[in-house]
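Data file: model.csv. Format and content: CSV, C-alpha atoms.
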```csv
chain,number,residue,atom,x,y,z
A,11,MET,CA,14.7,7.6,-14.2
A,12,LYS,CA,12.1,10.0,-12.8
A,13,VAL,CA,9.7,8.7,-10.2
A,14,ILE,CA,6.6,10.0,-8.4
A,15,VAL,CA,6.3,8.4,-4.9
A,16,ASP,CA,3.7,8.4,-2.1
A,17,LEU,CA,5.5,7.7,1.2
A,18,CYS,CA,4.0,6.7,4.5
A,19,VAL,CA,6.4,6.0,7.3
A,20,VAL,CA,4.9,4.3,10.5
A,21,PRO,CA,7.2,4.1,13.5
A,22,LEU,CA,6.3,1.3,15.9
A,23,GLY,CA,7.1,1.0,19.6
A,24,VAL,CA,6.8,4.7,20.3
A,25,GLY,CA,3.2,5.1,21.2
A,26,VAL,CA,0.3,6.5,19.2
A,27,SER,CA,1.8,10.0,18.4
A,28,VAL,CA,4.0,9.7,15.4
A,29,SER,CA,4.0,13.3,13.9
A,30,SER,CA,7.5,14.2,15.3
A,31,TYR,CA,8.9,11.2,13.3
A,32,ILE,CA,7.0,12.3,10.2
A,33,ALA,CA,8.4,15.8,10.6
A,34,THR,CA,11.9,14.3,10.7
A,35,CYS,CA,11.3,12.7,7.3
A,36,GLU,CA,9.8,15.9,5.8
A,37,LYS,CA,13.0,17.7,6.8
A,38,LEU,CA,15.2,15.1,5.2
A,39,LEU,CA,13.2,15.0,2.0
A,40,LYS,CA,13.5,18.8,1.8
A,41,GLU,CA,17.2,18.7,2.5
A,42,ALA,CA,17.6,16.2,-0.4
A,43,GLY,CA,16.1,18.9,-2.7
A,44,LEU,CA,13.0,16.9,-3.4
A,45,LYS,CA,9.6,18.4,-4.3
A,46,THR,CA,7.1,17.2,-1.7
A,47,THR,CA,3.5,17.6,-0.8
A,48,LEU,CA,2.3,16.5,2.6
A,49,HIS,CA,-1.2,15.0,2.9
A,50,ALA,CA,-3.3,13.3,5.6
A,51,TYR,CA,-1.9,9.8,4.9
A,52,GLY,CA,1.6,10.4,3.6
A,53,THR,CA,3.8,12.6,1.4
A,54,ASN,CA,3.9,12.9,-2.3
A,55,ILE,CA,7.5,13.1,-3.7
A,56,GLU,CA,8.8,13.8,-7.1
A,57,GLY,CA,12.4,13.4,-8.3
A,58,ASP,CA,15.1,11.2,-9.7
A,59,TRP,CA,14.8,7.5,-8.6
A,60,ASP,CA,18.2,7.4,-6.9
A,61,THR,CA,17.8,10.7,-5.0
A,62,VAL,CA,14.3,9.7,-3.8
A,63,PHE,CA,15.3,6.3,-2.5
A,64,ALA,CA,18.5,7.5,-0.9
A,65,ALA,CA,16.3,10.0,1.0
A,66,ILE,CA,13.8,7.3,2.0
A,67,LYS,CA,16.7,5.3,3.4
A,68,ARG,CA,17.9,8.3,5.4
A,69,CYS,CA,14.4,8.6,6.8
A,70,HIS,CA,14.5,5.1,8.1
A,71,GLU,CA,17.9,5.6,9.6
A,72,ALA,CA,16.9,8.9,11.2
A,73,VAL,CA,13.6,7.6,12.6
A,74,HIS,CA,15.5,4.7,14.2
A,75,GLU,CA,18.0,7.1,15.7
A,76,GLN,CA,15.1,9.2,17.0
A,77,GLY,CA,14.1,6.2,19.1
A,78,ALA,CA,11.8,4.0,17.0
A,79,PRO,CA,12.9,0.4,17.3
A,80,ARG,CA,10.7,-0.7,14.4
A,81,ILE,CA,9.3,0.9,11.3
A,82,THR,CA,6.8,-0.2,8.7
A,83,THR,CA,6.6,1.9,5.6
A,84,ASN,CA,4.3,2.0,2.7
A,85,ILE,CA,5.4,3.3,-0.7
A,86,LYS,CA,3.5,3.7,-3.9
A,87,LEU,CA,5.7,4.6,-6.8
A,88,GLY,CA,5.1,5.4,-10.5
A,89,THR,CA,7.4,5.5,-13.5
A,90,ARG,CA,6.5,6.1,-17.1
A,91,THR,CA,8.5,6.1,-20.4
A,92,ASP,CA,5.7,7.4,-22.6
A,93,ARG,CA,5.8,11.0,-21.4
A,94,GLU,CA,6.9,13.4,-18.7
A,95,GLN,CA,4.4,13.9,-15.9
A,96,THR,CA,4.6,15.9,-12.7
A,97,MET,CA,2.6,15.5,-9.5
A,98,ALA,CA,0.8,18.7,-10.4
A,99,ASP,CA,-0.1,17.2,-13.9
A,100,LYS,CA,-1.6,14.2,-12.2
A,101,VAL,CA,-3.9,16.2,-10.0
A,102,ALA,CA,-4.8,18.7,-12.9
A,103,SER,CA,-5.6,15.8,-15.2
A,104,VAL,CA,-8.3,14.5,-12.8
A,105,GLU,CA,-9.6,17.9,-11.9
A,106,ALA,CA,-10.1,18.8,-15.5
A,107,LYS,CA,-12.6,15.9,-15.7
A,108,LEU,CA,-14.6,17.0,-12.7
B,13,MET,CA,20.4,-2.2,7.2
B,14,LYS,CA,18.3,-5.4,6.8
B,15,VAL,CA,14.9,-5.0,5.3
B,16,ILE,CA,11.8,-7.2,4.7
B,17,VAL,CA,9.8,-6.0,1.7
B,18,ASP,CA,6.5,-6.8,0.1
B,19,LEU,CA,6.7,-5.8,-3.6
B,20,CYS,CA,3.7,-5.6,-6.0
B,21,VAL,CA,4.6,-4.3,-9.5
B,22,VAL,CA,1.6,-3.3,-11.8
B,23,PRO,CA,2.4,-2.6,-15.4
B,24,LEU,CA,-0.1,-0.3,-17.2
B,25,GLY,CA,-0.9,0.0,-20.9
B,26,VAL,CA,-0.3,-3.7,-21.6
B,27,GLY,CA,-3.7,-5.2,-21.1
B,28,VAL,CA,-5.1,-7.3,-18.3
B,29,SER,CA,-2.5,-10.1,-18.3
B,30,VAL,CA,0.5,-9.1,-16.3
B,31,SER,CA,2.1,-12.3,-15.1
B,32,SER,CA,4.9,-12.3,-17.7
B,33,TYR,CA,6.1,-8.9,-16.3
B,34,ILE,CA,5.9,-10.3,-12.7
B,35,ALA,CA,7.9,-13.3,-13.9
B,36,THR,CA,10.6,-10.9,-15.2
B,37,CYS,CA,10.8,-9.3,-11.7
B,38,GLU,CA,11.0,-12.7,-10.0
B,39,LYS,CA,14.0,-13.6,-12.1
B,40,LEU,CA,15.7,-10.3,-11.4
B,41,LEU,CA,15.2,-10.7,-7.7
B,42,LYS,CA,16.6,-14.2,-7.8
B,43,GLU,CA,19.6,-13.1,-9.9
B,44,ALA,CA,20.3,-10.5,-7.2
B,45,GLY,CA,20.7,-13.3,-4.7
B,46,LEU,CA,17.6,-12.3,-2.7
B,47,LYS,CA,15.4,-14.6,-0.7
B,48,THR,CA,11.8,-14.3,-2.1
B,49,THR,CA,8.4,-15.8,-1.6
B,50,LEU,CA,5.7,-15.2,-4.2
B,51,HIS,CA,2.1,-14.9,-3.1
B,52,ALA,CA,-1.2,-14.0,-4.7
B,53,TYR,CA,-0.7,-10.2,-4.4
B,54,GLY,CA,3.0,-9.6,-4.5
B,55,THR,CA,6.4,-11.0,-3.5
B,56,ASN,CA,8.0,-11.0,0.0
B,57,ILE,CA,11.7,-10.2,-0.2
B,58,GLU,CA,14.4,-10.3,2.5
B,59,GLY,CA,17.8,-8.8,2.2
B,60,ASP,CA,20.2,-5.8,2.6
B,61,TRP,CA,18.5,-2.4,1.9
B,62,ASP,CA,20.8,-1.4,-1.0
B,63,THR,CA,20.6,-4.8,-2.7
B,64,VAL,CA,16.8,-5.0,-2.4
B,65,PHE,CA,16.3,-1.5,-3.8
B,66,ALA,CA,18.8,-1.9,-6.6
B,67,ALA,CA,16.9,-5.0,-7.6
B,68,ILE,CA,13.5,-3.2,-7.5
B,69,LYS,CA,15.0,-0.4,-9.7
B,70,ARG,CA,16.1,-3.1,-12.2
B,71,CYS,CA,12.6,-4.5,-12.1
B,72,HIS,CA,11.2,-1.2,-13.2
B,73,GLU,CA,13.8,-0.8,-15.9
B,74,ALA,CA,13.2,-4.3,-17.2
B,75,VAL,CA,9.4,-4.1,-17.2
B,76,HIS,CA,9.6,-0.9,-19.2
B,77,GLU,CA,12.0,-2.6,-21.7
B,78,GLN,CA,9.6,-5.5,-21.9
B,79,GLY,CA,7.0,-3.0,-23.3
B,80,ALA,CA,5.1,-1.4,-20.4
B,81,PRO,CA,5.0,2.4,-20.9
B,82,ARG,CA,3.8,3.0,-17.3
B,83,ILE,CA,4.3,1.1,-14.0
B,84,THR,CA,2.7,1.7,-10.6
B,85,THR,CA,4.3,-0.3,-7.8
B,86,ASN,CA,3.3,-0.8,-4.2
B,87,ILE,CA,6.0,-1.6,-1.6
B,88,LYS,CA,5.6,-2.3,2.1
B,89,LEU,CA,9.0,-2.4,3.9
B,90,GLY,CA,10.0,-3.1,7.5
B,91,THR,CA,13.2,-2.4,9.4
B,92,ARG,CA,14.0,-2.9,13.0
B,93,THR,CA,16.9,-2.2,15.3
B,94,ASP,CA,15.7,-4.2,18.4
B,95,ARG,CA,16.3,-7.6,17.0
B,96,GLU,CA,17.0,-9.8,13.9
B,97,GLN,CA,13.8,-11.1,12.3
B,98,THR,CA,13.4,-13.1,9.1
B,99,MET,CA,10.3,-13.6,6.9
B,100,ALA,CA,9.9,-17.1,8.3
B,101,ASP,CA,10.1,-15.7,11.8
B,102,LYS,CA,7.2,-13.3,11.1
B,103,VAL,CA,4.9,-16.1,9.8
B,104,ALA,CA,6.0,-18.5,12.6
B,105,SER,CA,5.2,-15.9,15.2
B,106,VAL,CA,1.6,-15.5,14.1
B,107,GLU,CA,1.1,-19.2,13.6
B,108,ALA,CA,2.3,-20.0,17.1
B,109,LYS,CA,-0.6,-17.9,18.4
B,110,LEU,CA,-3.3,-19.7,16.2
C,18,MET,CA,-18.6,-9.2,-6.6
C,19,LYS,CA,-15.6,-11.4,-6.0
C,20,VAL,CA,-12.5,-9.8,-4.6
C,21,ILE,CA,-8.9,-10.9,-3.9
C,22,VAL,CA,-7.4,-8.9,-1.1
C,23,ASP,CA,-4.0,-8.5,0.6
C,24,LEU,CA,-4.5,-7.3,4.2
C,25,CYS,CA,-1.9,-5.9,6.5
C,26,VAL,CA,-3.1,-4.7,9.9
C,27,VAL,CA,-0.7,-2.6,12.0
C,28,PRO,CA,-1.7,-1.9,15.6
C,29,LEU,CA,0.0,1.2,17.1
C,30,GLY,CA,0.5,2.0,20.8
C,31,VAL,CA,1.1,-1.6,21.8
C,32,GLY,CA,4.9,-1.9,21.4
C,33,VAL,CA,6.8,-3.7,18.7
C,34,SER,CA,5.3,-7.2,19.1
C,35,VAL,CA,2.1,-7.3,17.1
C,36,SER,CA,1.7,-11.0,16.2
C,37,SER,CA,-1.1,-11.6,18.8
C,38,TYR,CA,-3.2,-8.9,17.1
C,39,ILE,CA,-2.5,-10.5,13.7
C,40,ALA,CA,-3.6,-13.8,15.1
C,41,THR,CA,-6.9,-12.3,16.2
C,42,CYS,CA,-7.5,-11.1,12.7
C,43,GLU,CA,-6.6,-14.5,11.2
C,44,LYS,CA,-9.2,-16.2,13.5
C,45,LEU,CA,-11.9,-13.7,12.5
C,46,LEU,CA,-11.2,-14.2,8.8
C,47,LYS,CA,-11.4,-18.0,9.2
C,48,GLU,CA,-14.6,-17.6,11.2
C,49,ALA,CA,-16.1,-15.6,8.4
C,50,GLY,CA,-15.5,-18.6,6.1
C,51,LEU,CA,-12.9,-16.9,4.0
C,52,LYS,CA,-10.1,-18.6,2.2
C,53,THR,CA,-6.8,-17.0,3.5
C,54,THR,CA,-3.0,-17.4,3.1
C,55,LEU,CA,-0.7,-15.8,5.6
C,56,HIS,CA,2.6,-14.5,4.4
C,57,ALA,CA,5.4,-12.5,5.9
C,58,TYR,CA,3.8,-9.1,5.3
C,59,GLY,CA,0.1,-9.7,5.4
C,60,THR,CA,-2.7,-12.1,4.5
C,61,ASN,CA,-4.2,-13.0,1.1
C,62,ILE,CA,-8.0,-13.3,1.2
C,63,GLU,CA,-10.4,-14.5,-1.4
C,64,GLY,CA,-14.2,-14.1,-1.2
C,65,ASP,CA,-17.3,-12.1,-1.8
C,66,TRP,CA,-16.8,-8.3,-1.4
C,67,ASP,CA,-19.3,-7.8,1.4
C,68,THR,CA,-18.1,-10.8,3.4
C,69,VAL,CA,-14.5,-9.8,3.1
C,70,PHE,CA,-15.0,-6.1,4.1
C,71,ALA,CA,-17.4,-7.1,7.0
C,72,ALA,CA,-14.6,-9.3,8.3
C,73,ILE,CA,-12.0,-6.6,7.9
C,74,LYS,CA,-14.2,-4.3,9.9
C,75,ARG,CA,-14.5,-6.9,12.7
C,76,CYS,CA,-10.7,-7.2,12.7
C,77,HIS,CA,-10.4,-3.4,13.4
C,78,GLU,CA,-13.1,-3.7,16.2
C,79,ALA,CA,-11.4,-6.7,17.7
C,80,VAL,CA,-7.9,-5.3,17.6
C,81,HIS,CA,-9.1,-2.1,19.4
C,82,GLU,CA,-10.9,-4.3,22.0
C,83,GLN,CA,-7.7,-6.3,22.5
C,84,GLY,CA,-6.0,-3.0,23.6
C,85,ALA,CA,-4.7,-1.2,20.5
C,86,PRO,CA,-5.7,2.5,20.6
C,87,ARG,CA,-4.8,3.1,17.0
C,88,ILE,CA,-4.6,1.0,13.9
C,89,THR,CA,-3.2,1.7,10.4
C,90,THR,CA,-4.1,-0.9,7.8
C,91,ASN,CA,-3.0,-1.4,4.3
C,92,ILE,CA,-5.2,-3.2,1.8
C,93,LYS,CA,-4.6,-4.2,-1.8
C,94,LEU,CA,-7.7,-5.4,-3.6
C,95,GLY,CA,-8.4,-6.7,-7.0
C,96,THR,CA,-11.6,-7.2,-8.9
C,97,ARG,CA,-12.1,-8.3,-12.5
C,98,THR,CA,-15.1,-8.8,-14.8
C,99,ASP,CA,-13.3,-10.4,-17.7
C,100,ARG,CA,-12.9,-13.8,-16.1
C,101,GLU,CA,-12.9,-15.8,-12.8
C,102,GLN,CA,-9.5,-15.9,-11.0
C,103,THR,CA,-8.5,-17.4,-7.7
C,104,MET,CA,-5.5,-16.6,-5.5
C,105,ALA,CA,-4.0,-20.0,-6.6
C,106,ASP,CA,-4.5,-19.1,-10.3
C,107,LYS,CA,-2.5,-15.8,-9.8
C,108,VAL,CA,0.5,-17.6,-8.3
C,109,ALA,CA,0.3,-20.5,-10.9
C,110,SER,CA,0.2,-18.0,-13.7
C,111,VAL,CA,3.5,-16.4,-12.7
C,112,GLU,CA,5.2,-19.7,-11.8
C,113,ALA,CA,4.3,-21.1,-15.2
C,114,LYS,CA,6.5,-18.4,-16.7
C,115,LEU,CA,9.5,-19.0,-14.5
D,30,MET,CA,-16.5,3.8,13.7
D,31,LYS,CA,-14.8,6.8,12.1
D,32,VAL,CA,-12.1,6.1,9.5
D,33,ILE,CA,-9.5,8.1,7.6
D,34,VAL,CA,-8.6,6.4,4.3
D,35,ASP,CA,-6.2,7.0,1.4
D,36,LEU,CA,-7.7,5.4,-1.7
D,37,CYS,CA,-5.8,4.7,-5.0
D,38,VAL,CA,-7.8,3.0,-7.7
D,39,VAL,CA,-5.9,1.6,-10.7
D,40,PRO,CA,-7.9,0.4,-13.7
D,41,LEU,CA,-6.1,-2.2,-15.9
D,42,GLY,CA,-6.7,-3.0,-19.5
D,43,VAL,CA,-7.7,0.5,-20.5
D,44,GLY,CA,-4.3,2.0,-21.6
D,45,VAL,CA,-2.1,4.4,-19.7
D,46,SER,CA,-4.5,7.3,-19.2
D,47,VAL,CA,-6.7,6.6,-16.2
D,48,SER,CA,-7.8,10.0,-15.0
D,49,SER,CA,-11.3,9.7,-16.3
D,50,TYR,CA,-11.8,6.6,-14.1
D,51,ILE,CA,-10.4,8.5,-11.1
D,52,ALA,CA,-12.8,11.4,-11.8
D,53,THR,CA,-15.7,8.9,-11.7
D,54,CYS,CA,-14.6,7.8,-8.2
D,55,GLU,CA,-14.2,11.4,-7.1
D,56,LYS,CA,-17.8,12.1,-8.1
D,57,LEU,CA,-19.1,9.0,-6.3
D,58,LEU,CA,-17.2,9.9,-3.1
D,59,LYS,CA,-18.7,13.4,-3.2
D,60,GLU,CA,-22.2,12.0,-3.9
D,61,ALA,CA,-21.8,9.9,-0.8
D,62,GLY,CA,-21.3,13.0,1.2
D,63,LEU,CA,-17.7,12.2,2.1
D,64,LYS,CA,-15.0,14.8,2.8
D,65,THR,CA,-12.2,14.1,0.3
D,66,THR,CA,-8.8,15.6,-0.7
D,67,LEU,CA,-7.3,14.6,-4.0
D,68,HIS,CA,-3.5,14.3,-4.2
D,69,ALA,CA,-1.0,13.1,-6.8
D,70,TYR,CA,-1.2,9.5,-5.8
D,71,GLY,CA,-4.7,9.0,-4.4
D,72,THR,CA,-7.5,10.6,-2.5
D,73,ASN,CA,-7.8,11.1,1.3
D,74,ILE,CA,-11.3,10.3,2.6
D,75,GLU,CA,-12.8,10.9,6.0
D,76,GLY,CA,-16.1,9.5,7.2
D,77,ASP,CA,-18.0,6.7,8.9
D,78,TRP,CA,-16.6,3.2,8.1
D,79,ASP,CA,-19.7,1.9,6.4
D,80,THR,CA,-20.3,5.0,4.3
D,81,VAL,CA,-16.7,5.0,3.2
D,82,PHE,CA,-16.5,1.3,2.2
D,83,ALA,CA,-19.9,1.4,0.5
D,84,ALA,CA,-18.6,4.3,-1.6
D,85,ILE,CA,-15.4,2.4,-2.5
D,86,LYS,CA,-17.5,-0.6,-3.6
D,87,ARG,CA,-19.5,1.7,-5.8
D,88,CYS,CA,-16.2,3.1,-7.3
D,89,HIS,CA,-15.2,-0.5,-8.3
D,90,GLU,CA,-18.6,-1.2,-9.8
D,91,ALA,CA,-18.6,2.1,-11.7
D,92,VAL,CA,-15.1,1.8,-13.0
D,93,HIS,CA,-15.9,-1.7,-14.3
D,94,GLU,CA,-19.1,-0.3,-16.0
D,95,GLN,CA,-17.0,2.5,-17.5
D,96,GLY,CA,-15.0,-0.2,-19.3
D,97,ALA,CA,-12.2,-1.4,-17.1
D,98,PRO,CA,-12.1,-5.2,-17.1
D,99,ARG,CA,-9.7,-5.3,-14.1
D,100,ILE,CA,-9.0,-3.0,-11.2
D,101,THR,CA,-6.3,-3.1,-8.6
D,102,THR,CA,-6.8,-0.7,-5.7
D,103,ASN,CA,-4.6,0.3,-2.7
D,104,ILE,CA,-6.2,1.5,0.5
D,105,LYS,CA,-4.5,2.8,3.6
D,106,LEU,CA,-7.0,3.2,6.5
D,107,GLY,CA,-6.7,4.4,10.0
D,108,THR,CA,-9.0,4.1,13.0
D,109,ARG,CA,-8.4,5.2,16.6
D,110,THR,CA,-10.2,4.9,19.9
D,111,ASP,CA,-8.0,7.2,22.0
D,112,ARG,CA,-9.2,10.5,20.5
D,113,GLU,CA,-11.0,12.1,17.6
D,114,GLN,CA,-8.7,13.2,14.7
D,115,THR,CA,-9.5,14.7,11.3
D,116,MET,CA,-7.5,14.7,8.1
D,117,ALA,CA,-6.7,18.4,8.8
D,118,ASP,CA,-5.5,17.5,12.3
D,119,LYS,CA,-3.1,15.0,10.9
D,120,VAL,CA,-1.5,17.5,8.5
D,121,ALA,CA,-1.5,20.3,11.1
D,122,SER,CA,0.2,18.0,13.7
D,123,VAL,CA,3.2,17.4,11.4
D,124,GLU,CA,3.4,21.0,10.1
D,125,ALA,CA,3.5,22.3,13.7
D,126,LYS,CA,6.8,20.4,14.1
D,127,LEU,CA,8.4,21.7,10.9
```
Rewrite the coordinates I just gave you, this time as structure tokens.
Amino acid sequence: MKVIVDLCVVPLGVGVSVSSYIATCEKLLKEAGLKTTLHAYGTNIEGDWDTVFAAIKRCHEAVHEQGAPRITTNIKLGTRTDREQTMADKVASVEAKL
Amino acid sequence: MKVIVDLCVVPLGVGVSVSSYIATCEKLLKEAGLKTTLHAYGTNIEGDWDTVFAAIKRCHEAVHEQGAPRITTNIKLGTRTDREQTMADKVASVEAKL
Amino acid sequence: MKVIVDLCVVPLGVGVSVSSYIATCEKLLKEAGLKTTLHAYGTNIEGDWDTVFAAIKRCHEAVHEQGAPRITTNIKLGTRTDREQTMADKVASVEAKL
Amino acid sequence: MKVIVDLCVVPLGVGVSVSSYIATCEKLLKEAGLKTTLHAYGTNIEGDWDTVFAAIKRCHEAVHEQGAPRITTNIKLGTRTDREQTMADKVASVEAKL
């Protein structure tokens, strides 16, 4: 099952600067071979359900290992059976109407 | 790795009444042996990471089979390595301060 | 416009224990006369759009005053024009199908 | 109070194609003078709290007027008192560590 995800990982207990933890996640998502796009409040990810969620689990493990005792993460995820759709398709579909 | 999740599954393309799809998810989460609490905008879930995410995947599969061509889901998830914490602990901790 | 909201306020830069900040928000929501239900990953709120969002703004202001230099909040919000629906209705509608 | 928001509006009861409703929101956000960046699972917005939330309210009103009887929206929002930070700063901060 193909999934499009928006991932926002928030480490707690490490102060207000969290970009080094986000960078760790970005690297892990890339290593998993996933297509990603970073934005100002998360990362868009496109891939197979199992690959995506295995990578998200590794993000939590790695951010804990990097020193964060607590993590709260927000995920939006979309699946559809009516047709194939990529992240680029979704953006293009809105832009075509602007 | 233990996780506390808040799950909100939204089927699209099936009209405005979505409770029968949510009920399907509730049953699947229970069948997976997970502790859950339904609220007005989602379901709190407590359990092992792999068990929880396998159940969420089954929810998507089942809601598609039930007729929804598209699903958008929102998940909040928390993990911590500093101490054990249950869903009940989280609520009690806030209520103790009220 | 009536709105049903799920609010999850996460203060950053104050360590891993955040329940005292959540308690501050709960008090402000109550003071605003809003109907609320606390759960393990947020608070359900029911009320008029302007009243609800004015209260959420006061939550951010108060959590900053209480010492949090940074806050990340997640809000789910629902509006509908087809019929009236309360938080209790939403839960009852799912439970009726279980 | 300055806020950075990630907005994801989901109209229900209008089938599976929702991009025309998202386009309506994009136009309203632009008309409000807000800085926005569209991505595959929402729109990043930067601006003054009151301006941003007034525009989000207009989005709900306009999407209902466009024909959607029900809307569920997800908002992530961040405020900070320790320093100024733009959407571009947030992305640059992560990219500098990659």
8 Å contacts from chain D to chain B using only C-alpha atoms, as a VMD selection string: chain D and resid 41 to 45 98 to 99
Residues of the last selection are to be written out with C-alpha atoms, as a CSV table (one decimal), keeping the file's coordinate frame.
```csv
chain,number,residue,atom,x,y,z
D,41,LEU,CA,-6.1,-2.2,-15.9
D,42,GLY,CA,-6.7,-3.0,-19.5
D,43,VAL,CA,-7.7,0.5,-20.5
D,44,GLY,CA,-4.3,2.0,-21.6
D,45,VAL,CA,-2.1,4.4,-19.7
D,98,PRO,CA,-12.1,-5.2,-17.1
D,99,ARG,CA,-9.7,-5.3,-14.1
```
Atom-to-atom span, atom CA of Glu107 of chain B and atom CA of Ile104 of chain D, Å: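 For atom CA of Glu107 of chain B relative to atom CA of Ile104 of chain D, the distance reads 25.6 Å.
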Point-to-point distance in Å for atom CA of Val111 of chain C and atom CA of Val13 of chain A: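 Interatomic distance, atom CA of Val13 of chain A to atom CA of Val111 of chain C: 26.0 Å.
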Residue list as a PyMOL selection string for point (3.0, -17.0, -9.1), cut-off 7 Å, all atoms listed in the file: (chain B and resi 50-52) or (chain C and resi 107-112)
Atom-to-atom span, atom CA of Leu94 of chain C and atom CA of Ala61 of chain D, Å: 21.0 Å
Proximity to Leu24 of chain C - best of C:Arg100, C:Asp65, C:Thr60, C:Gly84, all atoms listed in the file: C:Thr60
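Look at Gln83 of chain C: the protein and nucleic acid residues within 12 Å of it, using only C-alpha atoms and passing over chain neighbours fewer than 6 places away, are C:Pro28, C:Gly30, C:Val31, C:Val35, C:Ser37, C:Tyr38, C:Ile39, C:Ala40, C:Thr41, C:Cys42, C:Arg75, C:Cys76, C:His77, D:Thr110.
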Can you report as JSON the centre and edge lengths in Å, to one decimal, of an axis-aligned box around the listed atoms of segment 36-40 of chain A padded with 4 Å on each side?
```
{"center_x": 12.5, "center_y": 16.9, "center_z": 4.3, "size_x": 13.4, "size_y": 11.8, "size_z": 13.0}
```
Residues within 12 Å of (20.2, -3.0, -9.0), counting all atoms listed in the file, listed as a ChimeraX atom specification: /A:59-60 /B:37,40-46,60-74
